[in-house]
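Quick look at run_10.pdb (PDB, C-alpha atoms):
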```
MODEL        1
ATOM      1  CA  TYR A 202      -1.231 -19.829   2.026
ATOM      2  CA  ASN A 203      -2.176 -18.910   5.585
ATOM      3  CA  SER A 204       0.880 -19.614   7.730
ATOM      4  CA  ALA A 205      -1.135 -19.134  10.930
ATOM      5  CA  CYS A 206      -3.003 -22.392  10.256
ATOM      6  CA  THR A 207      -1.664 -25.823  11.118
ATOM      7  CA  GLY A 208      -1.959 -29.122   9.348
ATOM      8  CA  GLY A 209      -0.564 -27.953   6.026
ATOM      9  CA  PRO A 210      -1.131 -25.056   3.638
ATOM     10  CA  LEU A 211      -4.650 -23.666   3.370
ATOM     11  CA  TYR A 212      -5.806 -22.391   0.007
ATOM     12  CA  TYR A 213      -8.949 -20.599  -1.068
ATOM     13  CA  ASN A 214     -10.323 -21.726  -4.426
ATOM     14  CA  THR A 215     -13.000 -20.011  -6.477
ATOM     15  CA  THR A 216     -16.407 -21.626  -7.014
ATOM     16  CA  PRO A 217     -16.813 -23.332  -9.354
ATOM     17  CA  LEU A 218     -13.299 -24.698  -8.854
ATOM     18  CA  THR A 219     -10.925 -23.331 -11.459
ATOM     19  CA  GLY A 220      -7.571 -24.313 -10.003
ATOM     20  CA  SER A 221      -6.745 -20.684  -9.185
ATOM     21  CA  THR A 222      -5.742 -19.665  -5.678
ATOM     22  CA  THR A 223      -5.856 -16.506  -3.594
ATOM     23  CA  THR A 224      -3.388 -15.877  -0.767
ATOM     24  CA  LEU A 225      -5.103 -15.087   2.514
ATOM     25  CA  PRO A 226      -3.668 -12.683   5.086
ATOM     26  CA  PRO A 227      -2.689 -14.325   8.383
ATOM     27  CA  ALA A 228      -5.193 -14.589  11.249
ATOM     28  CA  TYR A 229      -4.376 -12.750  14.495
ATOM     29  CA  CYS A 230      -5.283 -12.901  18.165
ATOM     30  CA  THR A 231      -8.425 -11.052  19.221
ATOM     31  CA  PRO A 232      -7.267  -8.117  21.369
ATOM     32  CA  THR A 233      -8.397  -7.842  24.988
ATOM     33  CA  GLY A 234      -8.255  -5.087  27.599
ATOM     34  CA  SER A 235      -8.823  -1.322  27.299
ATOM     35  CA  LEU A 236     -11.642  -1.664  24.777
ATOM     36  CA  SER A 237     -14.153   1.003  25.742
ATOM     37  CA  CYS A 238     -14.371   4.445  24.172
ATOM     38  CA  THR A 239     -16.279   5.897  27.117
ATOM     39  CA  GLY A 240     -15.012   9.425  27.731
ATOM     40  CA  ASN A 241     -13.910   9.726  24.064
ATOM     41  CA  TYR A 242     -10.775   7.618  24.530
ATOM     42  CA  SER A 243     -11.002   6.601  20.894
ATOM     43  CA  ILE A 244      -8.980   6.407  17.681
ATOM     44  CA  THR A 245     -10.468   8.943  15.276
ATOM     45  CA  ASN A 246      -8.011   8.680  12.374
ATOM     46  CA  VAL A 247      -5.154   6.469  11.195
ATOM     47  CA  THR A 248      -3.004   7.545   8.249
ATOM     48  CA  ILE A 249      -0.012   5.895   6.598
ATOM     49  CA  ASN A 250       0.771   6.421   2.924
ATOM     50  CA  THR A 251      -2.603   6.155   1.071
ATOM     51  CA  LEU A 252      -4.380   4.544   4.045
ATOM     52  CA  ASN A 253      -6.447   7.348   5.584
ATOM     53  CA  ASN A 254      -9.257   6.092   7.808
ATOM     54  CA  THR A 255     -11.448   8.399   9.870
ATOM     55  CA  SER A 256     -13.680   6.395  12.181
ATOM     56  CA  GLY A 257     -15.999   6.314  15.131
ATOM     57  CA  CYS A 258     -15.678   3.755  17.909
ATOM     58  CA  ALA A 259     -17.234   0.297  17.655
ATOM     59  CA  ALA A 260     -19.381  -0.820  20.589
ATOM     60  CA  SER A 261     -16.812  -3.528  21.340
ATOM     61  CA  GLY A 262     -13.885  -1.093  21.145
ATOM     62  CA  TYR A 263     -12.315  -3.253  18.416
ATOM     63  CA  THR A 264     -12.655  -3.020  14.621
ATOM     64  CA  SER A 265     -10.982  -5.081  11.914
ATOM     65  CA  TYR A 266     -11.119  -3.248   8.588
ATOM     66  CA  PRO A 267     -11.161  -4.916   5.157
ATOM     67  CA  ALA A 268      -8.407  -4.335   2.611
ATOM     68  CA  SER A 269     -10.300  -1.872   0.452
ATOM     69  CA  GLY A 270     -10.278   1.794  -0.537
ATOM     70  CA  THR A 271      -8.578   4.168   1.880
ATOM     71  CA  GLN A 272      -8.604   1.494   4.606
ATOM     72  CA  THR A 273      -5.581  -0.220   3.086
ATOM     73  CA  THR A 274      -2.317   0.697   1.352
ATOM     74  CA  SER A 275       0.822  -0.747  -0.232
ATOM     75  CA  LEU A 276       4.202  -0.203   1.434
ATOM     76  CA  ILE A 277       7.509  -0.835  -0.322
ATOM     77  CA  LYS A 278      10.373  -2.731   1.295
ATOM     78  CA  GLY A 279      13.305  -0.495   2.156
ATOM     79  CA  SER A 280      11.156   2.660   2.321
ATOM     80  CA  SER A 281       9.991   4.686   5.340
ATOM     81  CA  TYR A 282       6.523   6.128   5.887
ATOM     82  CA  THR A 283       4.994   8.677   8.252
ATOM     83  CA  PHE A 284       2.319   7.153  10.482
ATOM     84  CA  ASN A 285      -0.244   9.526  12.016
ATOM     85  CA  LEU A 286      -2.610   8.654  14.862
ATOM     86  CA  THR A 287      -5.414  11.044  15.835
ATOM     87  CA  VAL A 288      -7.368  10.410  19.040
ATOM     88  CA  GLY A 289     -10.509  11.742  20.678
ATOM     89  CA  THR A 290     -10.993  14.284  23.445
ATOM     90  CA  GLY A 291     -10.256  11.977  26.386
ATOM     91  CA  GLY A 292      -7.821  13.715  28.729
ATOM     92  CA  GLY A 293      -5.226  12.439  31.152
ATOM     93  CA  THR A 294      -2.293  10.388  29.895
ATOM     94  CA  SER A 295      -2.671   7.543  27.399
ATOM     95  CA  GLY A 296      -0.360   5.253  25.435
ATOM     96  CA  ALA A 297      -0.467   4.032  21.840
ATOM     97  CA  GLY A 298       1.496   1.738  19.571
ATOM     98  CA  VAL A 299       1.371   0.067  16.163
ATOM     99  CA  TRP A 300       2.435  -3.435  15.121
ATOM    100  CA  ILE A 301       3.097  -4.743  11.578
ATOM    101  CA  ASP A 302       3.552  -8.467  10.919
ATOM    102  CA  PHE A 303       6.542  -8.204   8.572
ATOM    103  CA  ASN A 304       7.218 -11.968   8.368
ATOM    104  CA  GLN A 305       3.517 -12.846   7.971
ATOM    105  CA  ASN A 306       3.514 -15.572  10.629
ATOM    106  CA  GLY A 307       0.238 -14.483  12.239
ATOM    107  CA  SER A 308       1.970 -12.924  15.251
ATOM    108  CA  PHE A 309       2.966  -9.396  16.217
ATOM    109  CA  ALA A 310       5.461 -10.673  18.810
ATOM    110  CA  ASP A 311       8.568 -10.825  16.615
ATOM    111  CA  ALA A 312      11.432  -8.372  17.065
ATOM    112  CA  GLY A 313      11.156  -5.231  14.958
ATOM    113  CA  GLU A 314       7.381  -5.420  14.466
ATOM    114  CA  PHE A 315       6.386  -2.913  17.177
ATOM    115  CA  PHE A 316       6.563   0.874  16.925
ATOM    116  CA  LEU A 317       5.778   3.045  19.944
ATOM    117  CA  ILE A 318       3.649   6.036  18.992
ATOM    118  CA  ASN A 319       3.672   7.813  22.358
ATOM    119  CA  ASN A 320       2.997   7.076  26.029
ATOM    120  CA  SER A 321       2.114  10.642  27.026
ATOM    121  CA  ILE A 322      -0.964  11.299  24.883
ATOM    122  CA  SER A 323      -3.665  13.724  26.018
ATOM    123  CA  GLY A 324      -6.497  14.163  23.528
ATOM    124  CA  PRO A 325      -7.577  15.549  21.256
ATOM    125  CA  THR A 326      -4.289  15.366  19.366
ATOM    126  CA  THR A 327      -2.383  13.817  16.476
ATOM    127  CA  LYS A 328       0.897  11.982  17.023
ATOM    128  CA  SER A 329       3.301  11.103  14.204
ATOM    129  CA  ILE A 330       6.160   8.606  13.902
ATOM    130  CA  SER A 331       8.284   7.226  11.062
ATOM    131  CA  ILE A 332       7.944   3.527  10.229
ATOM    132  CA  PRO A 333      10.727   1.904   8.143
ATOM    133  CA  ILE A 334       9.753  -1.177   6.137
ATOM    134  CA  PRO A 335      12.578  -3.736   6.430
ATOM    135  CA  ALA A 336      14.240  -4.867   3.210
ATOM    136  CA  GLY A 337      13.765  -8.444   4.443
ATOM    137  CA  ALA A 338      10.001  -8.164   4.989
ATOM    138  CA  ASN A 339       7.855 -10.756   3.233
ATOM    139  CA  THR A 340       5.891  -9.475   0.247
ATOM    140  CA  GLY A 341       2.120  -9.840   0.127
ATOM    141  CA  LEU A 342      -0.833  -9.143   2.403
ATOM    142  CA  THR A 343      -0.210  -8.793   6.132
ATOM    143  CA  GLY A 344      -1.716  -7.318   9.286
ATOM    144  CA  MET A 345      -1.232  -3.972  11.021
ATOM    145  CA  ARG A 346      -2.640  -3.373  14.518
ATOM    146  CA  VAL A 347      -3.097  -0.008  16.261
ATOM    147  CA  ARG A 348      -3.796   0.148  20.029
ATOM    148  CA  TYR A 349      -4.665   3.177  22.175
ATOM    149  CA  ALA A 350      -5.224   2.872  25.939
ATOM    150  CA  TRP A 351      -5.893   5.372  28.700
ATOM    151  CA  ALA A 352      -3.541   5.355  31.708
ATOM    152  CA  ARG A 353      -1.380   2.607  30.235
ATOM    153  CA  THR A 354       2.244   2.463  29.090
ATOM    154  CA  ILE A 355       2.141   0.569  25.803
ATOM    155  CA  ASP A 356       5.024  -1.754  24.900
ATOM    156  CA  ALA A 357       5.799  -4.493  22.375
ATOM    157  CA  THR A 358       4.195  -7.250  24.492
ATOM    158  CA  MET A 359       0.705  -5.738  24.368
ATOM    159  CA  SER A 360      -0.479  -6.555  20.832
ATOM    160  CA  CYS A 361      -2.940  -9.151  22.178
ATOM    161  CA  ASN A 362      -3.619  -7.958  25.721
ATOM    162  CA  VAL A 363      -3.449  -4.640  27.574
ATOM    163  CA  SER A 364      -4.052  -4.701  31.317
ATOM    164  CA  ASP A 365      -7.552  -3.296  31.393
ATOM    165  CA  SER A 366      -7.839   0.397  32.155
ATOM    166  CA  GLY A 367     -11.368   0.224  30.763
ATOM    167  CA  ASN A 368     -10.864   2.937  28.186
ATOM    168  CA  GLY A 369      -9.260   2.670  24.763
ATOM    169  CA  GLU A 370      -9.640   1.233  21.294
ATOM    170  CA  THR A 371      -7.923  -1.201  18.916
ATOM    171  CA  GLU A 372      -8.050  -1.195  15.107
ATOM    172  CA  ASP A 373      -6.728  -3.843  12.704
ATOM    173  CA  TYR A 374      -5.845  -3.252   9.054
ATOM    174  CA  ILE A 375      -4.702  -5.405   6.134
ATOM    175  CA  ILE A 376      -1.881  -3.854   4.122
ATOM    176  CA  SER A 377       0.332  -5.021   1.271
ATOM    177  CA  ILE A 378       4.134  -5.177   1.325
ATOM    178  CA  LEU A 379       5.760  -4.761  -2.085
ATOM    179  CA  GLY A 380       9.283  -5.518  -3.282
ATOM    180  CA  PRO A 381      11.199  -4.182  -6.297
ATOM    181  CA  PRO A 382       9.167  -3.954  -9.523
ATOM    182  CA  THR A 383       9.392  -6.528 -12.315
ATOM    183  CA  ILE A 384       8.349  -6.330 -15.983
ATOM    184  CA  THR A 385       6.971  -9.564 -17.445
ATOM    185  CA  SER A 386       5.650  -8.257 -20.775
ATOM    186  CA  PHE A 387       4.466  -5.218 -22.687
ATOM    187  CA  SER A 388       2.310  -4.591 -25.745
ATOM    188  CA  PRO A 389       2.263  -3.463 -28.434
ATOM    189  CA  ALA A 390       5.946  -3.768 -29.346
ATOM    190  CA  ASN A 391       5.942  -0.484 -31.253
ATOM    191  CA  GLY A 392       3.982   2.731 -31.636
ATOM    192  CA  CYS A 393       4.042   6.443 -32.332
ATOM    193  CA  PRO A 394       4.356   9.301 -29.834
ATOM    194  CA  GLY A 395       0.973   9.758 -28.168
ATOM    195  CA  SER A 396      -0.027   6.092 -28.509
ATOM    196  CA  SER A 397      -0.542   3.769 -25.505
ATOM    197  CA  VAL A 398       1.580   0.894 -24.258
ATOM    198  CA  THR A 399       0.463  -1.641 -21.631
ATOM    199  CA  ILE A 400       3.181  -2.859 -19.240
ATOM    200  CA  ASN A 401       2.582  -6.008 -17.177
ATOM    201  CA  GLY A 402       4.594  -7.012 -14.116
ATOM    202  CA  THR A 403       4.607  -6.864 -10.331
ATOM    203  CA  ASN A 404       5.095  -4.394  -7.484
ATOM    204  CA  PHE A 405       4.141  -1.267  -9.419
ATOM    205  CA  TYR A 406       3.378   1.661  -7.121
ATOM    206  CA  ASN A 407       3.878   5.383  -7.840
ATOM    207  CA  THR A 408       5.987   4.184 -10.735
ATOM    208  CA  THR A 409       8.150   6.290 -13.041
ATOM    209  CA  VAL A 410       8.251   4.903 -16.600
ATOM    210  CA  THR A 411      10.789   5.643 -19.336
ATOM    211  CA  ILE A 412      11.164   4.294 -22.884
ATOM    212  CA  GLY A 413      14.632   4.547 -24.384
ATOM    213  CA  GLY A 414      15.535   6.869 -21.509
ATOM    214  CA  THR A 415      12.682   9.303 -22.205
ATOM    215  CA  PRO A 416       9.828   9.677 -19.690
ATOM    216  CA  VAL A 417       6.384   8.700 -20.951
ATOM    217  CA  GLN A 418       3.917  11.545 -21.464
ATOM    218  CA  SER A 419       1.577  10.228 -18.773
ATOM    219  CA  LYS A 420       0.085   7.148 -17.130
ATOM    220  CA  THR A 421      -3.615   6.602 -17.805
ATOM    221  CA  SER A 422      -3.871   3.800 -15.231
ATOM    222  CA  GLU A 423      -1.677   1.956 -12.714
ATOM    223  CA  SER A 424      -2.235  -1.062 -10.497
ATOM    224  CA  THR A 425       0.380  -3.186  -8.741
ATOM    225  CA  THR A 426       0.460  -5.519 -11.776
ATOM    226  CA  GLN A 427      -0.241  -3.293 -14.802
ATOM    227  CA  ILE A 428       0.522   0.190 -16.132
ATOM    228  CA  VAL A 429      -1.007   1.826 -19.196
ATOM    229  CA  ALA A 430       1.244   4.682 -20.353
ATOM    230  CA  VAL A 431       1.196   7.256 -23.154
ATOM    231  CA  VAL A 432       4.387   7.148 -25.229
ATOM    232  CA  GLY A 433       6.488  10.321 -25.308
ATOM    233  CA  ASN A 434       8.684  11.890 -27.992
ATOM    234  CA  GLY A 435      11.760   9.796 -27.336
ATOM    235  CA  THR A 436      13.807   7.060 -28.942
ATOM    236  CA  THR A 437      13.572   3.321 -29.440
ATOM    237  CA  GLY A 438      14.788   1.374 -26.396
ATOM    238  CA  THR A 439      13.936  -0.717 -23.370
ATOM    239  CA  ILE A 440      11.119   0.139 -20.976
ATOM    240  CA  VAL A 441      12.292   0.951 -17.450
ATOM    241  CA  THR A 442       9.991   1.138 -14.401
ATOM    242  CA  THR A 443      11.258   2.716 -11.185
ATOM    243  CA  THR A 444       9.665   2.795  -7.724
ATOM    244  CA  SER A 445      11.098   3.609  -4.320
ATOM    245  CA  GLY A 446      11.707  -0.148  -4.041
ATOM    246  CA  GLY A 447      13.934  -0.461  -7.106
ATOM    247  CA  THR A 448      14.104  -0.558 -10.898
ATOM    248  CA  ALA A 449      13.068  -3.077 -13.570
ATOM    249  CA  THR A 450      14.085  -3.152 -17.239
ATOM    250  CA  SER A 451      12.162  -4.937 -19.982
ATOM    251  CA  ALA A 452      13.827  -7.859 -21.754
ATOM    252  CA  GLY A 453      12.607  -6.620 -25.120
ATOM    253  CA  THR A 454      12.889  -3.303 -26.931
ATOM    254  CA  TYR A 455      10.012  -0.975 -27.671
ATOM    255  CA  THR A 456      10.288   0.516 -31.169
ATOM    256  CA  LEU A 457       9.251   4.132 -31.480
ATOM    257  CA  ASN A 458       7.823   4.823 -34.923
ATOM    258  CA  SER A 459       8.314   8.222 -36.490
ATOM    259  CA  ALA A 460       5.307  10.475 -36.268
ATOM    260  CA  PRO A 461       3.598  10.843 -39.671
ATOM    261  CA  ILE A 462       4.389  14.077 -41.533
ATOM    262  CA  PRO A 463       1.178  16.015 -42.194
ATOM    263  CA  ALA A 464       0.337  16.338 -45.877
ATOM    264  CA  GLN A 465       1.092  19.814 -47.251
ATOM    265  CA  PRO A 466      -1.419  21.562 -49.493
ATOM    266  CA  VAL A 467      -0.374  21.776 -53.146
ATOM    267  CA  THR A 468      -0.450  25.303 -54.587
ATOM    268  CA  PRO A 469      -1.106  25.343 -58.350
ATOM    269  CA  PRO A 470       1.344  27.361 -60.447
ATOM    270  CA  PRO A 471       0.238  30.877 -61.385
ATOM    271  CA  VAL A 472      -1.564  31.331 -64.678
ATOM    272  CA  CYS A 473       0.143  33.899 -66.948
ATOM    273  CA  ASP A 474      -1.847  36.503 -68.914
ATOM    274  CA  GLY A 475      -2.535  35.422 -72.409
ATOM    275  CA  SER A 476      -1.963  31.753 -71.748
TER     276      SER A 476
ENDMDL
END
```

Final C-alpha cells representation of the file:
Amino acid sequence: YNSACTGGPLYYNTTPLTGSTTTLPPAYCTPTGSLSCTGNYSITNVTINTLNNTSGCAASGYTSYPASGTQTTSLIKGSSYTFNLTVGTGGGTSGAGVWIDFNQNGSFADAGEFFLINNSISGPTTKSISIPIPAGANTGLTGMRVRYAWARTIDATMSCNVSDSGNGETEDYIISILGPPTITSFSPANGCPGSSVTINGTNFYNTTVTIGGTPVQSKTSESTTQIVAVVGNGTTGTIVTTTSGGTATSAGTYTLNSAPIPAQPVTPPPVCDGS
C-alpha cells in the first residue's frame, strides 16, 4: 500500500496474477536547489548501520538509490544508530541534514523526522550524529533523504527545496524499519546437538537464539523472516530470539535428543596356555 497515492490503496501484483502483493515504499518530492557538485561540493559516502554507500556525483546532483546491497539497511524501533556523512573537497561553509519518513506518509515534513548533521562543514571531512528510531515508527520500507548544500543553513523545512546556492548534492535511500521479533514456526521439532533447526518469523536482525536457555552453536543463515541455526549442547525447551528491538518465544517446545554414544570396540578375552 502506497499511502502517498490518492483514490484508494495501490497494490502491485505479480504477472501472471497470483493474488500476492508487495508493499511499495512511499513516493517523495523531487528535490530542487543546490544540486551541482561543481567545486567538489558532493556527498562521497553515507553510512548508517549496514548501509555504506561510497558514490560519485550524478550530473543532476540528485540520486535515488534502490533498496539493495550496501545501499539499504534495516533499523530497529527503539534503537539508536550512528550516521556518518563524508563530503568532497569543497571549502567554505556548508550545511547538511538527513530526513527519515518514520510514519511512511510520503512526506519528510512531520515533526521528529529531521536530523541536522552540521551547518559548519568544510570539506573534505566526515561528520557523525546519532539517530534514534522512535518506538512508534511504522514498520516496513520507507525513505531516507540526505542533503548537502554549500553556503546554506539546512533546517527541517528544506527536504524538498533549498534556496539555490548552486553547489551541493541530494541522495535518497530506501530503508526498512523493524519492530520486535516474532516466531511463527520452527522445524524440525527435535534434533541432536550439531543438527540444524529452521526458525520462521518476522523482524529478525542480528538475532541471538537460545534453545532451552542455551545459545545455539551458530547461525548458518539469517534474513528478516528466517534463521537457520545449529543446535548446541543444551536442554529441551522453547526457542527464544532476541534483537535490540525485543524478544520472542516459540509457542512450542524443541526437544533435544541425546547424542548417540559411540560404539566401543569389544576386546576378546585372553587365551590361556594349554587351552

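The space separating CA of Asn320 (chain A) from CA of Ala268 (chain A) comes to 28.4 Å.
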
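For the residues A:Thr436, A:Gln418, A:Thr245, A:Thr233, ranking by smallest atom-to-atom distance to Asn285 (chain A) using only C-alpha atoms places A:Thr245 first.
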
Hits of the PyMOL selection byres ((chain A and resi 434) around 12) in this structure, as a ChimeraX atom specification
/A:392-396,411-419,431-433,435-437,456-460

Evaluated on this file, the PyMOL selection byres ((chain A and resi 366-369) around 12) picks out some residues - which ones are they, written as number ranges by chain?
A: 232-245, 258-263, 288-298, 322, 324, 347-355, 362-365, 370-372

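Going from CA of Cys361 (chain A) over to CA of Asn304 (chain A), you cover 17.4 Å.
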
Using all atoms listed in the file, the best pick from A:Ser386, A:Thr439, A:Thr231, A:Ser308 as closest to Val410 (chain A) would be A:Thr439

Applied to the shown file, which residues does the PyMOL selection byres ((chain A and resi 328) around 9) return, written as a PyMOL selection string?
chain A and resi 284-288+318-319+322+326-327+329-330

Polymer residues at most 10 Å from Asp311 (chain A), all atoms listed in the file, same-chain spacing of 2 or more positions, as an MDAnalysis selection string:
chainID A and resid 300:304 306 308:309 313:315 357:358

Between A:Asn250, A:Gly344, A:Met359, A:Gln465, which residue has the minimum interatomic distance to Leu276 (chain A), considering only C-alpha atoms?
A:Asn250

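Nearest-residue note for Phe387 (chain A): choosing from A:Thr454, A:Asn401, A:Ser360, A:Ser265, the minimum distance belongs to A:Asn401, counting only C-alpha atoms.
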
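Going from CA of Ile400 (chain A) to CA of Lys278 (chain A) covers 21.8 Å.
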
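With all atoms listed in the file as the basis for measurement, A:Met345 is the residue among A:Met345, A:Ile277, A:Val429, A:Cys230 that approaches Val247 (chain A) most closely.
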
Ala449 (chain A): which residues within 8 Å, counting all atoms listed in the file, same-chain residues fewer than 6 positions away excluded, as a PyMOL selection string?
chain A and resi 381-384+441-443

Where's the centre, and what are the edge lengths in Å to one decimal, of a box along x, y and z enclosing all listed atoms of region 318-332 of chain A padded 5 Å per side, as AutoDock Vina command-line options?
```
--center_x 0.4 --center_y 9.5 --center_z 18.6 --size_x 25.9 --size_y 22.0 --size_z 26.8
```

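In terms of minimum interatomic distance to Thr426 (chain A), A:Thr403 ranks closest within A:Ser451, A:Gln305, A:Ser323, A:Thr403, counting only C-alpha atoms.
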